[in-house]
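Asker: Structure file run.txt (compact mmCIF, C-alpha atoms) right here:
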# COMPACT_ATOMS: atom_id res chain seq x y z
CA MET A 110 32.65 -12.17 5.96
CA PRO A 111 29.65 -9.83 5.45
CA PRO A 112 27.36 -9.01 8.33
CA ALA A 113 24.36 -11.31 8.77
CA SER A 114 21.89 -8.40 8.64
CA ILE A 115 22.48 -7.83 4.90
CA HIS A 116 20.18 -10.71 3.94
CA LYS A 117 17.50 -10.03 6.54
CA ARG A 118 14.29 -8.31 5.50
CA THR A 119 11.80 -6.70 7.80
CA TRP A 120 8.30 -8.12 8.14
CA LYS A 121 6.90 -5.08 6.32
CA GLN A 122 9.11 -5.77 3.33
CA LEU A 123 8.07 -9.42 3.35
CA ALA A 124 4.36 -8.66 3.76
CA PHE A 125 3.92 -5.74 1.39
CA THR A 126 6.43 -6.42 -1.38
CA SER A 127 4.75 -7.48 -4.60
CA GLN A 128 6.10 -10.84 -5.65
CA SER A 129 4.42 -11.82 -8.89
CA GLY A 130 6.52 -14.96 -9.20
CA ARG A 131 5.40 -16.40 -5.88
CA THR A 132 3.03 -19.34 -6.08
CA LEU A 133 0.29 -20.01 -3.57
CA ARG A 134 0.88 -23.29 -1.78
CA THR A 135 -1.83 -25.61 -0.51
CA SER A 136 -0.44 -25.31 3.00
CA ASP A 137 -0.98 -21.53 2.86
CA ILE A 138 -4.63 -22.02 1.99
CA VAL A 139 -5.14 -24.68 4.67
CA LEU A 140 -3.46 -22.48 7.29
CA GLY A 141 -5.70 -19.55 6.33
CA VAL A 142 -8.87 -21.65 6.51
CA VAL A 143 -7.89 -23.10 9.90
CA ALA A 144 -7.06 -19.65 11.27
CA VAL A 145 -10.41 -18.22 10.15
CA ALA A 146 -12.29 -21.21 11.59
CA LEU A 147 -10.52 -20.86 14.95
CA LEU A 148 -11.23 -17.14 15.06
CA ALA A 149 -14.90 -17.70 14.22
CA GLY A 150 -15.20 -20.37 16.89
CA PHE A 151 -13.61 -18.10 19.48
CA CYS A 152 -16.01 -15.29 18.56
CA LEU A 153 -19.02 -17.62 18.85
CA ILE A 154 -17.89 -18.82 22.28
CA MET A 155 -17.39 -15.24 23.45
CA ALA A 156 -20.79 -14.19 22.07
CA ALA A 157 -22.48 -17.11 23.82
CA ASP A 158 -20.78 -16.13 27.08
CA VAL A 159 -21.95 -12.53 26.73
CA ILE A 160 -25.51 -13.59 25.93
CA ASP A 161 -25.52 -16.01 28.88
CA GLY A 162 -24.23 -13.25 31.15
CA VAL A 163 -26.92 -10.82 29.98
CA SER A 164 -29.74 -13.32 30.50
CA THR A 165 -28.74 -14.01 34.15
CA VAL A 166 -28.69 -10.34 35.16
CA PRO A 167 -31.51 -9.74 37.66
CA GLY A 168 -34.01 -7.09 36.86
Let me see the structure of the file written as structure tokens.

Answerer:
Amino acid sequence: MPPASIHKRTWKQLAFTSQSGRTLRTSDIVLGVVAVALLAGFCLIMAADVIDGVSTVPG
């Protein structure tokens, strides 16, 4: 029985290997859009907190 590590690929190989035969699934697009929306919302909340903190500084 061959070792299990023969079929494993590192994340770099999976991320940066050109796979021209791979199709883009709808779930990939939805996941990307949701991730960007969550990141944008987090950044807006943090920016609002910073602006609120600056406006309450005495002086």

Asker: Around range 141-157 of chain A, with edges along x, y and z and 4 Å added on all six sides, what centre and edge lengths do you get, in Å to one decimal, as JSON?

Answerer:
{"center_x": -14.1, "center_y": -18.6, "center_z": 15.1, "size_x": 24.8, "size_y": 16.9, "size_z": 25.5}

Asker: So the first atom is CA of Thr135 in chain A and the second is CA of Leu148 in chain A; what is the distance between them in Å, to one decimal place?

Answerer: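 Atom-to-atom, CA of Thr135 in chain A and CA of Leu148 in chain A are spaced 20.1 Å apart.
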
Asker: What is the distance, in Å and to one decimal place, between CA of Val159 in chain A and CA of Leu140 in chain A?

Answerer: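 It comes out at 28.6 Å.
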
Asker: Expressed in Å to a single decimal, how great is the separation between CA of Ala149 in chain A and CA of Asp161 in chain A?

Answerer: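 Straight-line distance from CA of Ala149 in chain A to CA of Asp161 in chain A works out to 18.2 Å.
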